[in-house]
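Shown next: coords-v6.pdb, given as PDB, C-alpha atoms.
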ATOM      1  CA  MET A   1      49.594  92.055 142.301
ATOM      2  CA  GLY A   2      49.230  91.432 138.565
ATOM      3  CA  ASP A   3      51.114  88.878 136.544
ATOM      4  CA  LEU A   4      54.607  88.643 135.140
ATOM      5  CA  GLU A   5      54.851  90.769 131.966
ATOM      6  CA  ALA A   6      56.812  88.041 130.195
ATOM      7  CA  GLU A   7      56.401  89.303 126.606
ATOM      8  CA  LYS A   8      57.408  92.836 127.566
ATOM      9  CA  HIS A   9      60.484  91.577 129.420
ATOM     10  CA  VAL A  10      61.536  89.628 126.312
ATOM     11  CA  LYS A  11      61.167  92.790 124.179
ATOM     12  CA  TYR A  12      63.101  94.829 126.749
ATOM     13  CA  ILE A  13      66.022  92.348 126.826
ATOM     14  CA  LEU A  14      66.203  92.208 123.029
ATOM     15  CA  SER A  15      66.168  96.034 122.865
ATOM     16  CA  VAL A  16      69.009  96.467 125.408
ATOM     17  CA  GLU A  17      71.474  94.856 123.030
ATOM     18  CA  LYS A  18      70.694  97.365 120.283
ATOM     19  CA  LYS A  19      70.994 100.503 122.413
ATOM     20  CA  ASP A  20      73.788 102.992 121.937
ATOM     21  CA  ASP A  21      73.271 105.232 124.961
ATOM     22  CA  PHE A  22      74.905 106.249 128.245
ATOM     23  CA  GLU A  23      73.763 103.064 130.002
ATOM     24  CA  SER A  24      75.431 100.928 127.310
ATOM     25  CA  LEU A  25      78.607 102.969 127.611
ATOM     26  CA  VAL A  26      78.971 102.590 131.394
ATOM     27  CA  LEU A  27      78.184  98.888 131.176
ATOM     28  CA  GLU A  28      80.499  98.237 128.226
ATOM     29  CA  HIS A  29      83.075  96.416 130.397
ATOM     30  CA  LEU A  30      80.331  94.081 131.724
ATOM     31  CA  ARG A  31      78.862  93.127 128.397
ATOM     32  CA  MET A  32      79.662  89.419 128.815
ATOM     33  CA  ASN A  33      77.854  89.381 132.175
ATOM     34  CA  GLY A  34      74.976  91.364 130.636
ATOM     35  CA  ALA A  35      74.703  88.814 127.832
ATOM     36  CA  TYR A  36      74.531  85.995 130.409
ATOM     37  CA  TRP A  37      71.837  87.800 132.442
ATOM     38  CA  GLY A  38      69.753  88.603 129.376
ATOM     39  CA  LEU A  39      70.082  85.248 127.614
ATOM     40  CA  THR A  40      69.389  83.217 130.767
ATOM     41  CA  THR A  41      66.265  85.322 131.381
ATOM     42  CA  LEU A  42      65.125  84.615 127.814
ATOM     43  CA  ASP A  43      65.672  80.893 128.383
ATOM     44  CA  LEU A  44      63.718  80.931 131.670
ATOM     45  CA  LEU A  45      60.909  82.638 129.721
ATOM     46  CA  HIS A  46      61.141  79.922 126.976
ATOM     47  CA  LYS A  47      62.320  82.540 124.429
ATOM     48  CA  LEU A  48      65.992  81.755 123.842
ATOM     49  CA  ASP A  49      65.128  81.124 120.191
ATOM     50  CA  ALA A  50      64.535  84.896 119.813
ATOM     51  CA  VAL A  51      68.308  85.333 119.373
ATOM     52  CA  ASP A  52      70.722  83.940 116.796
ATOM     53  CA  PRO A  53      73.168  81.633 118.642
ATOM     54  CA  ASP A  54      75.788  81.898 115.877
ATOM     55  CA  GLU A  55      75.842  85.681 116.201
ATOM     56  CA  VAL A  56      76.235  85.510 119.993
ATOM     57  CA  VAL A  57      78.942  82.823 119.868
ATOM     58  CA  SER A  58      80.850  84.687 117.175
ATOM     59  CA  TRP A  59      80.899  87.895 119.317
ATOM     60  CA  MET A  60      81.876  85.889 122.399
ATOM     61  CA  MET A  61      84.824  84.259 120.686
ATOM     62  CA  GLU A  62      86.105  87.765 119.856
ATOM     63  CA  CYS A  63      86.280  88.324 123.633
ATOM     64  CA  TYR A  64      88.380  85.163 124.065
ATOM     65  CA  HIS A  65      92.109  85.472 124.772
ATOM     66  CA  GLN A  66      93.748  82.589 122.979
ATOM     67  CA  ASP A  67      97.106  83.292 124.611
ATOM     68  CA  CYS A  68      95.833  82.515 128.132
ATOM     69  CA  GLY A  69      92.414  80.829 127.771
ATOM     70  CA  GLY A  70      90.306  83.462 129.570
ATOM     71  CA  PHE A  71      87.455  85.709 128.406
ATOM     72  CA  GLY A  72      87.187  89.490 128.689
ATOM     73  CA  GLY A  73      84.001  91.405 129.472
ATOM     74  CA  ASN A  74      83.931  92.744 125.908
ATOM     75  CA  ILE A  75      86.058  92.788 122.764
ATOM     76  CA  GLY A  76      89.521  94.154 123.575
ATOM     77  CA  HIS A  77      89.030  93.895 127.345
ATOM     78  CA  ASP A  78      91.335  91.976 129.694
ATOM     79  CA  PRO A  79      90.437  88.401 130.698
ATOM     80  CA  HIS A  80      88.888  87.792 134.130
ATOM     81  CA  LEU A  81      87.241  84.895 135.975
ATOM     82  CA  LEU A  82      83.905  86.752 136.206
ATOM     83  CA  TYR A  83      83.616  86.988 132.424
ATOM     84  CA  THR A  84      85.062  83.551 131.798
ATOM     85  CA  LEU A  85      82.303  81.943 133.880
ATOM     86  CA  SER A  86      79.610  83.990 132.094
ATOM     87  CA  ALA A  87      81.030  82.901 128.724
ATOM     88  CA  VAL A  88      81.019  79.231 129.741
ATOM     89  CA  GLN A  89      77.441  79.557 131.080
ATOM     90  CA  ILE A  90      76.243  81.170 127.836
ATOM     91  CA  LEU A  91      77.851  78.429 125.735
ATOM     92  CA  ALA A  92      76.185  75.847 128.005
ATOM     93  CA  LEU A  93      72.793  77.536 127.398
ATOM     94  CA  PHE A  94      73.269  77.138 123.642
ATOM     95  CA  ASP A  95      74.824  73.656 123.974
ATOM     96  CA  ARG A  96      77.933  75.005 122.244
ATOM     97  CA  LEU A  97      80.687  74.183 124.749
ATOM     98  CA  ASP A  98      82.357  72.320 121.883
ATOM     99  CA  VAL A  99      83.627  75.637 120.445
ATOM    100  CA  LEU A 100      85.987  75.947 123.430
ATOM    101  CA  ASP A 101      89.493  74.658 123.876
ATOM    102  CA  ILE A 102      88.338  73.155 127.174
ATOM    103  CA  GLU A 103      91.855  72.279 128.381
ATOM    104  CA  LYS A 104      93.079  75.820 127.755
ATOM    105  CA  VAL A 105      90.106  77.505 129.444
ATOM    106  CA  SER A 106      90.218  75.168 132.449
ATOM    107  CA  ASP A 107      94.004  75.631 132.755
ATOM    108  CA  TYR A 108      93.421  79.419 132.837
ATOM    109  CA  VAL A 109      90.869  79.032 135.640
ATOM    110  CA  ALA A 110      92.913  76.483 137.612
ATOM    111  CA  GLY A 111      96.007  78.676 137.260
ATOM    112  CA  LEU A 112      94.320  81.392 139.348
ATOM    113  CA  LEU A 113      94.261  79.177 142.467
ATOM    114  CA  ASN A 114      96.537  80.608 145.175
ATOM    115  CA  GLU A 115      98.629  78.785 147.761
ATOM    116  CA  ASP A 116      96.080  79.501 150.540
ATOM    117  CA  GLY A 117      93.179  78.031 148.511
ATOM    118  CA  SER A 118      91.727  81.396 147.442
ATOM    119  CA  PHE A 119      91.329  82.375 143.791
ATOM    120  CA  SER A 120      92.511  85.559 142.128
ATOM    121  CA  GLY A 121      90.092  87.115 139.661
ATOM    122  CA  ASP A 122      92.848  87.758 137.124
ATOM    123  CA  ILE A 123      96.621  88.238 136.837
ATOM    124  CA  TRP A 124      96.485  91.312 139.094
ATOM    125  CA  GLY A 125      95.791  89.131 142.111
ATOM    126  CA  GLU A 126      92.635  90.456 143.829
ATOM    127  CA  THR A 127      91.076  87.657 145.909
ATOM    128  CA  ASP A 128      87.395  87.319 146.799
ATOM    129  CA  THR A 129      85.058  84.381 147.477
ATOM    130  CA  ARG A 130      83.165  85.424 144.329
ATOM    131  CA  PHE A 131      86.181  84.203 142.389
ATOM    132  CA  SER A 132      86.203  80.901 144.307
ATOM    133  CA  TYR A 133      82.622  80.328 143.150
ATOM    134  CA  CYS A 134      83.363  81.394 139.561
ATOM    135  CA  ALA A 135      86.320  79.030 139.331
ATOM    136  CA  ILE A 136      84.590  76.029 140.923
ATOM    137  CA  CYS A 137      81.359  76.508 138.935
ATOM    138  CA  CYS A 138      83.281  76.987 135.680
ATOM    139  CA  LEU A 139      85.522  73.930 136.158
ATOM    140  CA  SER A 140      82.529  71.813 137.173
ATOM    141  CA  ILE A 141      80.581  72.743 134.014
ATOM    142  CA  LEU A 142      83.687  71.854 131.966
ATOM    143  CA  HIS A 143      84.126  68.555 133.901
ATOM    144  CA  ARG A 144      87.598  69.679 134.986
ATOM    145  CA  LEU A 145      87.368  70.084 138.784
ATOM    146  CA  ASP A 146      90.206  67.565 139.028
ATOM    147  CA  LYS A 147      92.590  70.289 137.822
ATOM    148  CA  ILE A 148      92.532  71.945 141.258
ATOM    149  CA  ASP A 149      93.039  70.908 144.875
ATOM    150  CA  VAL A 150      89.337  71.031 145.765
ATOM    151  CA  GLU A 151      90.005  70.393 149.452
ATOM    152  CA  LYS A 152      92.278  73.430 149.634
ATOM    153  CA  ALA A 153      89.727  75.619 147.839
ATOM    154  CA  VAL A 154      86.979  74.420 150.209
ATOM    155  CA  SER A 155      89.173  75.074 153.270
ATOM    156  CA  TYR A 156      89.654  78.672 152.169
ATOM    157  CA  ILE A 157      85.896  79.188 151.742
ATOM    158  CA  VAL A 158      85.278  77.703 155.195
ATOM    159  CA  SER A 159      87.860  80.149 156.610
ATOM    160  CA  CYS A 160      85.574  82.981 155.427
ATOM    161  CA  LYS A 161      82.693  81.729 157.602
ATOM    162  CA  ASN A 162      81.540  84.060 160.391
ATOM    163  CA  LEU A 163      80.029  83.609 163.858
ATOM    164  CA  ASP A 164      76.581  84.544 162.483
ATOM    165  CA  GLY A 165      76.725  81.566 160.093
ATOM    166  CA  GLY A 166      77.284  83.751 157.028
ATOM    167  CA  PHE A 167      80.331  84.239 154.811
ATOM    168  CA  GLY A 168      82.400  87.244 153.749
ATOM    169  CA  SER A 169      84.541  88.066 150.737
ATOM    170  CA  ILE A 170      87.768  87.250 152.635
ATOM    171  CA  PRO A 171      88.459  85.792 156.093
ATOM    172  CA  GLY A 172      87.012  88.254 158.644
ATOM    173  CA  GLY A 173      84.919  90.013 155.991
ATOM    174  CA  GLU A 174      81.325  90.994 156.843
ATOM    175  CA  SER A 175      78.588  88.469 156.046
ATOM    176  CA  HIS A 176      76.778  89.492 152.876
ATOM    177  CA  ALA A 177      74.042  87.650 150.980
ATOM    178  CA  GLY A 178      75.953  87.830 147.671
ATOM    179  CA  GLN A 179      79.068  86.293 149.200
ATOM    180  CA  ILE A 180      76.945  83.727 151.020
ATOM    181  CA  PHE A 181      75.528  82.562 147.678
ATOM    182  CA  CYS A 182      79.058  82.287 146.268
ATOM    183  CA  CYS A 183      80.339  80.282 149.230
ATOM    184  CA  VAL A 184      77.275  78.057 149.638
ATOM    185  CA  GLY A 185      77.121  77.505 145.850
ATOM    186  CA  ALA A 186      80.778  76.480 145.708
ATOM    187  CA  LEU A 187      80.312  74.181 148.724
ATOM    188  CA  ALA A 188      77.186  72.649 147.127
ATOM    189  CA  ILE A 189      78.992  71.984 143.832
ATOM    190  CA  THR A 190      81.917  70.312 145.648
ATOM    191  CA  GLY A 191      79.650  68.256 147.938
ATOM    192  CA  SER A 192      80.870  70.154 151.016
ATOM    193  CA  LEU A 193      77.659  71.595 152.503
ATOM    194  CA  HIS A 194      78.370  69.777 155.793
ATOM    195  CA  HIS A 195      80.616  72.756 156.628
ATOM    196  CA  VAL A 196      77.547  75.033 156.831
ATOM    197  CA  ASP A 197      75.558  75.524 160.049
ATOM    198  CA  LYS A 198      72.250  75.362 158.194
ATOM    199  CA  ASP A 199      70.001  76.558 161.029
ATOM    200  CA  LEU A 200      72.262  79.465 161.973
ATOM    201  CA  LEU A 201      72.776  80.568 158.366
ATOM    202  CA  GLY A 202      69.117  79.917 157.494
ATOM    203  CA  TRP A 203      68.057  82.204 160.344
ATOM    204  CA  TRP A 204      70.417  84.989 159.176
ATOM    205  CA  LEU A 205      69.108  84.652 155.615
ATOM    206  CA  CYS A 206      65.398  84.576 156.469
ATOM    207  CA  GLU A 207      65.889  87.720 158.551
ATOM    208  CA  ARG A 208      66.745  89.469 155.291
ATOM    209  CA  GLN A 209      63.013  89.658 154.441
ATOM    210  CA  CYS A 210      61.796  93.240 154.919
ATOM    211  CA  LYS A 211      58.308  94.525 155.720
ATOM    212  CA  ASP A 212      57.625  95.162 152.011
ATOM    213  CA  GLY A 213      58.278  91.463 151.300
ATOM    214  CA  GLY A 214      61.567  92.017 149.477
ATOM    215  CA  LEU A 215      64.947  90.763 150.655
ATOM    216  CA  ASN A 216      68.038  92.774 151.569
ATOM    217  CA  GLY A 217      71.689  91.726 151.506
ATOM    218  CA  ARG A 218      72.703  92.834 155.011
ATOM    219  CA  PRO A 219      70.923  94.054 158.151
ATOM    220  CA  GLU A 220      69.469  97.599 158.027
ATOM    221  CA  LYS A 221      69.582  97.824 154.214
ATOM    222  CA  LEU A 222      66.660  98.371 151.835
ATOM    223  CA  ALA A 223      65.168  95.425 149.983
ATOM    224  CA  ASP A 224      66.514  94.897 146.465
ATOM    225  CA  VAL A 225      65.222  92.507 143.789
ATOM    226  CA  CYS A 226      68.682  90.992 143.177
ATOM    227  CA  TYR A 227      68.642  89.443 146.666
ATOM    228  CA  SER A 228      65.612  87.450 145.567
ATOM    229  CA  TRP A 229      68.285  85.337 143.893
ATOM    230  CA  TRP A 230      71.237  85.513 146.315
ATOM    231  CA  VAL A 231      69.166  84.795 149.439
ATOM    232  CA  LEU A 232      66.601  82.371 147.986
ATOM    233  CA  SER A 233      69.108  80.180 146.160
ATOM    234  CA  SER A 234      71.201  79.901 149.345
ATOM    235  CA  LEU A 235      68.116  78.992 151.402
ATOM    236  CA  ILE A 236      67.179  76.322 148.853
ATOM    237  CA  MET A 237      70.677  74.812 148.894
ATOM    238  CA  ILE A 238      70.590  74.526 152.708
ATOM    239  CA  ASP A 239      66.943  73.377 152.710
ATOM    240  CA  ARG A 240      65.538  76.340 154.694
ATOM    241  CA  VAL A 241      63.555  78.183 151.996
ATOM    242  CA  HIS A 242      60.286  77.508 153.861
ATOM    243  CA  TRP A 243      61.456  80.061 156.458
ATOM    244  CA  ILE A 244      60.470  83.034 154.287
ATOM    245  CA  ASP A 245      57.113  84.285 153.003
ATOM    246  CA  LYS A 246      57.187  83.455 149.277
ATOM    247  CA  ASP A 247      53.881  85.207 148.491
ATOM    248  CA  LYS A 248      55.134  88.527 149.873
ATOM    249  CA  LEU A 249      58.422  88.176 147.983
ATOM    250  CA  THR A 250      56.604  87.313 144.730
ATOM    251  CA  ARG A 251      54.463  90.433 145.164
ATOM    252  CA  PHE A 252      57.560  92.575 145.768
ATOM    253  CA  ILE A 253      59.268  91.326 142.571
ATOM    254  CA  LEU A 254      56.142  91.789 140.433
ATOM    255  CA  ASN A 255      55.732  95.340 141.800
ATOM    256  CA  CYS A 256      59.226  96.181 140.502
ATOM    257  CA  GLN A 257      58.224  95.559 136.862
ATOM    258  CA  ASP A 258      57.936  98.319 134.281
ATOM    259  CA  ARG A 259      54.518  97.218 133.037
ATOM    260  CA  GLU A 260      54.669  99.508 129.984
ATOM    261  CA  ASN A 261      58.115  98.883 128.532
ATOM    262  CA  GLY A 262      59.297  95.716 130.278
ATOM    263  CA  GLY A 263      62.239  95.126 132.571
ATOM    264  CA  ILE A 264      62.507  94.870 136.353
ATOM    265  CA  SER A 265      64.138  97.393 138.717
ATOM    266  CA  ASP A 266      65.843  97.010 142.103
ATOM    267  CA  ARG A 267      62.743  98.333 143.899
ATOM    268  CA  PRO A 268      59.344  99.711 142.841
ATOM    269  CA  ASP A 269      59.329 102.780 140.554
ATOM    270  CA  ASN A 270      63.101 102.817 139.936
ATOM    271  CA  ALA A 271      64.733 102.501 136.501
ATOM    272  CA  VAL A 272      64.907  98.952 135.143
ATOM    273  CA  ASP A 273      68.093  97.192 134.013
ATOM    274  CA  VAL A 274      69.007  93.772 132.639
ATOM    275  CA  PHE A 275      70.766  92.765 135.917
ATOM    276  CA  HIS A 276      67.637  93.143 138.059
ATOM    277  CA  THR A 277      65.423  91.747 135.291
ATOM    278  CA  TYR A 278      67.438  88.527 135.396
ATOM    279  CA  PHE A 279      67.525  88.269 139.189
ATOM    280  CA  GLY A 280      63.813  89.043 139.465
ATOM    281  CA  VAL A 281      62.834  86.367 136.943
ATOM    282  CA  ALA A 282      65.367  83.917 138.432
ATOM    283  CA  GLY A 283      63.919  84.545 141.904
ATOM    284  CA  LEU A 284      60.406  83.849 140.617
ATOM    285  CA  SER A 285      61.699  80.674 138.955
ATOM    286  CA  LEU A 286      63.149  79.491 142.283
ATOM    287  CA  MET A 287      59.663  79.976 143.764
ATOM    288  CA  GLU A 288      58.165  77.871 140.918
ATOM    289  CA  TYR A 289      56.243  80.779 139.407
ATOM    290  CA  PRO A 290      53.893  79.423 136.692
ATOM    291  CA  GLY A 291      55.183  79.398 133.115
ATOM    292  CA  LEU A 292      58.881  79.748 133.941
ATOM    293  CA  LYS A 293      61.574  77.129 133.458
ATOM    294  CA  SER A 294      63.176  75.861 136.673
ATOM    295  CA  ILE A 295      66.612  77.252 137.513
ATOM    296  CA  ASP A 296      69.358  75.396 139.373
ATOM    297  CA  PRO A 297      70.261  77.276 142.583
ATOM    298  CA  ALA A 298      73.964  76.354 142.512
ATOM    299  CA  TYR A 299      74.826  76.700 138.805
ATOM    300  CA  ALA A 300      72.460  79.625 138.056
ATOM    301  CA  LEU A 301      71.421  77.933 134.813
ATOM    302  CA  PRO A 302      68.082  76.373 133.818
ATOM    303  CA  VAL A 303      67.722  72.864 135.267
ATOM    304  CA  ASP A 304      67.383  71.316 131.791
ATOM    305  CA  VAL A 305      70.758  72.860 130.814
ATOM    306  CA  VAL A 306      72.423  71.477 133.963
ATOM    307  CA  ASN A 307      70.898  68.042 133.286
ATOM    308  CA  ARG A 308      72.281  68.156 129.751
ATOM    309  CA  ILE A 309      75.772  69.063 131.027
ATOM    310  CA  PHE A 310      75.937  66.306 133.618
ATOM    311  CA  PHE A 311      73.535  63.618 132.417
ATOM    312  CA  GLY A 312      73.416  64.236 128.677
ATOM    313  CA  LYS A 313      69.627  64.574 128.882
TER     314      LYS A 313
END
Go through the file and emit its structure as structure tokens.
Amino acid sequence: MGDLEAEKHVKYILSVEKKDDFESLVLEHLRMNGAYWGLTTLDLLHKLDAVDPDEVVSWMMECYHQDCGGFGGNIGHDPHLLYTLSAVQILALFDRLDVLDIEKVSDYVAGLLNEDGSFSGDIWGETDTRFSYCAICCLSILHRLDKIDVEKAVSYIVSCKNLDGGFGSIPGGESHAGQIFCCVGALAITGSLHHVDKDLLGWWLCERQCKDGGLNGRPEKLADVCYSWWVLSSLIMIDRVHWIDKDKLTRFILNCQDRENGGISDRPDNAVDVFHTYFGVAGLSLMEYPGLKSIDPAYALPVDVVNRIFFGK
């Protein structure tokens, strides 16, 4: 199956930032997320020192909205929870959380909590369990979970649980591996995993493994490298990761590499992108692939970064 083309993936990630092409244009609004995916991959590959932290932080702070405390996906873009979490995660990677007005940022996040315990992504009010995860993860990293009614937020997440053990984006929404990660991650961070039926959910998740070894996000879908993260991290948090075949999954991820130019695609022979490169490397890290840093399944940050945040180590 060949090995992980670590050096080529590093080169690919560093080149993405310098591109001025169609791909960059359509992803312009996601640049903060893209920076998080790329930089976390570099850190997992022990190559975070290939970028200049001051340059990254200076660009990030241009995406910050001082009036409200949130971050946009790029300079001049509106603030949103998705980008605010990515910004906080990037600053945690560089150990630069001190550049933030932590009270202001955490007030922005806490202010998006709704009466029913859901979170809106921004001032326009869309609700989704992704935003519950973003808010809870963000406030936890900033040591400000006490700014929200955690019990109410947890109750809302539990209301999105389905009969198959999975979770949807809203109450009654279809179970989906991405949403399951968000809900299980938020429950793990708040110490509320007792609400999960671990055997039922574990069975649903391990059934996501396809014949080619990859994982899909819902029944009858094709395998996709990004679910190597969403499914595996959830299985680890509920202690059922031994229910899938790790060797077959490792082979699937490695077969999705562009061995010439670096990068990982959603499935073999497709075009690579920084999103799937991150989730492929993160999935391998969860399976303790040699030479990679360990990643925390709930915070989606390297374990040493999480230890520094919470234990000062």
Next on the checklist: So that I can check the surroundings of segment 51-60 of chain A, please list as a PyMOL selection string every protein, DNA and RNA residue that reaches within 12 Å of it, counting all atoms listed in the file and ignoring chain neighbours fewer than 4 positions away.
Outcome noted: chain A and resi 10-11+13-15+17+31-33+35-36+38-40+42-43+46-47+64-65+70-77+83-84+86-100
Which residues match the PyMOL selection byres ((chain A and resi 273) around 10) in the file above, as a PDB file with C-alpha atoms, keeping the file's coordinate frame?
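Result file is out.pdb:
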ATOM      1  CA  TYR A  12      63.101  94.829 126.749  1.00  0.00           C
ATOM      2  CA  ILE A  13      66.022  92.348 126.826  1.00  0.00           C
ATOM      3  CA  VAL A  16      69.009  96.467 125.408  1.00  0.00           C
ATOM      4  CA  GLU A  23      73.763 103.064 130.002  1.00  0.00           C
ATOM      5  CA  GLY A  34      74.976  91.364 130.636  1.00  0.00           C
ATOM      6  CA  GLY A  38      69.753  88.603 129.376  1.00  0.00           C
ATOM      7  CA  GLY A 262      59.297  95.716 130.278  1.00  0.00           C
ATOM      8  CA  GLY A 263      62.239  95.126 132.571  1.00  0.00           C
ATOM      9  CA  ILE A 264      62.507  94.870 136.353  1.00  0.00           C
ATOM     10  CA  SER A 265      64.138  97.393 138.717  1.00  0.00           C
ATOM     11  CA  ASP A 266      65.843  97.010 142.103  1.00  0.00           C
ATOM     12  CA  ASN A 270      63.101 102.817 139.936  1.00  0.00           C
ATOM     13  CA  ALA A 271      64.733 102.501 136.501  1.00  0.00           C
ATOM     14  CA  VAL A 272      64.907  98.952 135.143  1.00  0.00           C
ATOM     15  CA  VAL A 274      69.007  93.772 132.639  1.00  0.00           C
ATOM     16  CA  PHE A 275      70.766  92.765 135.917  1.00  0.00           C
ATOM     17  CA  HIS A 276      67.637  93.143 138.059  1.00  0.00           C
ATOM     18  CA  THR A 277      65.423  91.747 135.291  1.00  0.00           C
ATOM     19  CA  TYR A 278      67.438  88.527 135.396  1.00  0.00           C
TER      20      TYR A 278
END
Checklist entry - Quick one: distance from atom CA of Pro268 of chain A to atom CA of Ile253 of chain A in Å, one decimal? => result 8.4 Å
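Residues surrounding Ile157 of chain A within 8 Å are Ser118, Thr129, Ser132 and Cys183 of chain A [all atoms listed in the file; sequence separation below 6 positions excluded].
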Next on the checklist: Applying 12 Å and only C-alpha atoms, which residues near Cys210 of chain A remain after dropping the ones on its own chain fewer than 3 positions away? List them as number ranges by chain.
Outcome noted: A: 205-207, 213-225, 227-228, 244-245, 248-249, 252
Item to check | Non-local contacts of Gly172 of chain A (8 Å; only C-alpha atoms; under 6 positions in same chain excluded) as a PyMOL selection string | outcome: chain A and resi 160-162
Next on the checklist: Selection in question (the file shown): the PyMOL selection byres ((chain A and resi 180) around 12). Which residues does it include, as a ChimeraX atom specification?
Outcome noted: /A:128-130,132-133,157-158,160-162,164-170,173-179,181-188,196,198,201-202,204-205,217-218,227,229-235,237-238,298
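Our summary of the geometry notes that atom CA of Asp304 of chain A is positioned 28.7 Å from atom CA of Pro79 of chain A.
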Next on the checklist: I'd like the residues picked by the PyMOL selection byres ((chain A and resi 111) around 10) written out as a ChimeraX atom specification, using the chain letters and numbers from the file.
Outcome noted: /A:68,105-110,112-114,119-120,122-123,135,147-148
Item to check | Length of the atom CA of Leu48 of chain A to atom CA of Arg308 of chain A vector [Å] | outcome: 16.1 Å
Item to check | Shortest interatomic distance to Tyr289 of chain A - which of A:Lys8, A:Leu44, A:His242, A:Asp199, counting only C-alpha atoms | outcome: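 Of A:Lys8, A:Leu44, A:His242, A:Asp199, the one nearest Tyr289 of chain A, counting only C-alpha atoms, is A:Leu44.
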Item to check | Nearby residues, (53.5, 97.5, 144.3) file frame, 10 Å, all atoms listed in the file, as a list in words | outcome: Met1, Gly2, Asp212, Arg251, Phe252, Ile253, Leu254, Asn255, Cys256, Gln257, Arg267, Pro268 and Asp269 of chain A
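Of the listed residues (A:Leu163, A:Val303, A:Cys226, A:Ile141), A:Cys226 comes nearest to Phe279 of chain A; the distances count only C-alpha atoms.
Nearest to Tyr299 of chain A of all the residues A:Leu45, A:Gly312, A:Asp78, A:Cys138 is A:Cys138, counting all atoms listed in the file.
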Checklist entry - Of the candidates A:Glu62, A:Lys211, A:Asp239, A:Val305, which shows the shortest atom-to-atom distance to Leu193 of chain A, using all atoms listed in the file? => result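 Using all atoms listed in the file, Leu193 of chain A sits closest to A:Asp239.
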For segment 83-87 of chain A, where the input has fewer atoms than it should, I would like all heavy atoms rebuilt and written as a PDB file, in the coordinates of the input.
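So result_9.pdb came out as:
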ATOM      1  N   TYR A  83      84.106  87.045 133.814  1.00  0.00           N
ATOM      2  CA  TYR A  83      83.616  86.988 132.424  1.00  0.00           C
ATOM      3  C   TYR A  83      83.803  85.600 131.835  1.00  0.00           C
ATOM      4  O   TYR A  83      83.022  85.170 130.988  1.00  0.00           O
ATOM      5  CB  TYR A  83      84.320  88.055 131.574  1.00  0.00           C
ATOM      6  CG  TYR A  83      84.320  89.408 132.246  1.00  0.00           C
ATOM      7  CD1 TYR A  83      85.499  90.115 132.465  1.00  0.00           C
ATOM      8  CD2 TYR A  83      83.121  89.949 132.724  1.00  0.00           C
ATOM      9  CE1 TYR A  83      85.492  91.338 133.118  1.00  0.00           C
ATOM     10  CE2 TYR A  83      83.107  91.172 133.382  1.00  0.00           C
ATOM     11  CZ  TYR A  83      84.286  91.859 133.578  1.00  0.00           C
ATOM     12  OH  TYR A  83      84.279  93.065 134.245  1.00  0.00           O
ATOM     13  N   THR A  84      84.825  84.909 132.300  1.00  0.00           N
ATOM     14  CA  THR A  84      85.062  83.551 131.798  1.00  0.00           C
ATOM     15  C   THR A  84      83.914  82.634 132.209  1.00  0.00           C
ATOM     16  O   THR A  84      83.417  81.849 131.398  1.00  0.00           O
ATOM     17  CB  THR A  84      86.419  83.018 132.317  1.00  0.00           C
ATOM     18  OG1 THR A  84      87.453  83.934 131.903  1.00  0.00           O
ATOM     19  CG2 THR A  84      86.722  81.635 131.767  1.00  0.00           C
ATOM     20  N   LEU A  85      83.456  82.758 133.464  1.00  0.00           N
ATOM     21  CA  LEU A  85      82.303  81.943 133.880  1.00  0.00           C
ATOM     22  C   LEU A  85      81.069  82.295 133.059  1.00  0.00           C
ATOM     23  O   LEU A  85      80.368  81.404 132.576  1.00  0.00           O
ATOM     24  CB  LEU A  85      81.995  82.132 135.374  1.00  0.00           C
ATOM     25  CG  LEU A  85      80.688  81.445 135.838  1.00  0.00           C
ATOM     26  CD1 LEU A  85      80.732  79.929 135.621  1.00  0.00           C
ATOM     27  CD2 LEU A  85      80.382  81.758 137.296  1.00  0.00           C
ATOM     28  N   SER A  86      80.791  83.594 132.881  1.00  0.00           N
ATOM     29  CA  SER A  86      79.610  83.990 132.094  1.00  0.00           C
ATOM     30  C   SER A  86      79.676  83.412 130.681  1.00  0.00           C
ATOM     31  O   SER A  86      78.671  82.943 130.141  1.00  0.00           O
ATOM     32  CB  SER A  86      79.483  85.518 132.022  1.00  0.00           C
ATOM     33  OG  SER A  86      79.027  86.030 133.249  1.00  0.00           O
ATOM     34  N   ALA A  87      80.862  83.441 130.085  1.00  0.00           N
ATOM     35  CA  ALA A  87      81.030  82.901 128.724  1.00  0.00           C
ATOM     36  C   ALA A  87      80.719  81.405 128.699  1.00  0.00           C
ATOM     37  O   ALA A  87      80.000  80.910 127.823  1.00  0.00           O
ATOM     38  CB  ALA A  87      82.451  83.158 128.235  1.00  0.00           C
TER      39      ALA A  87
END
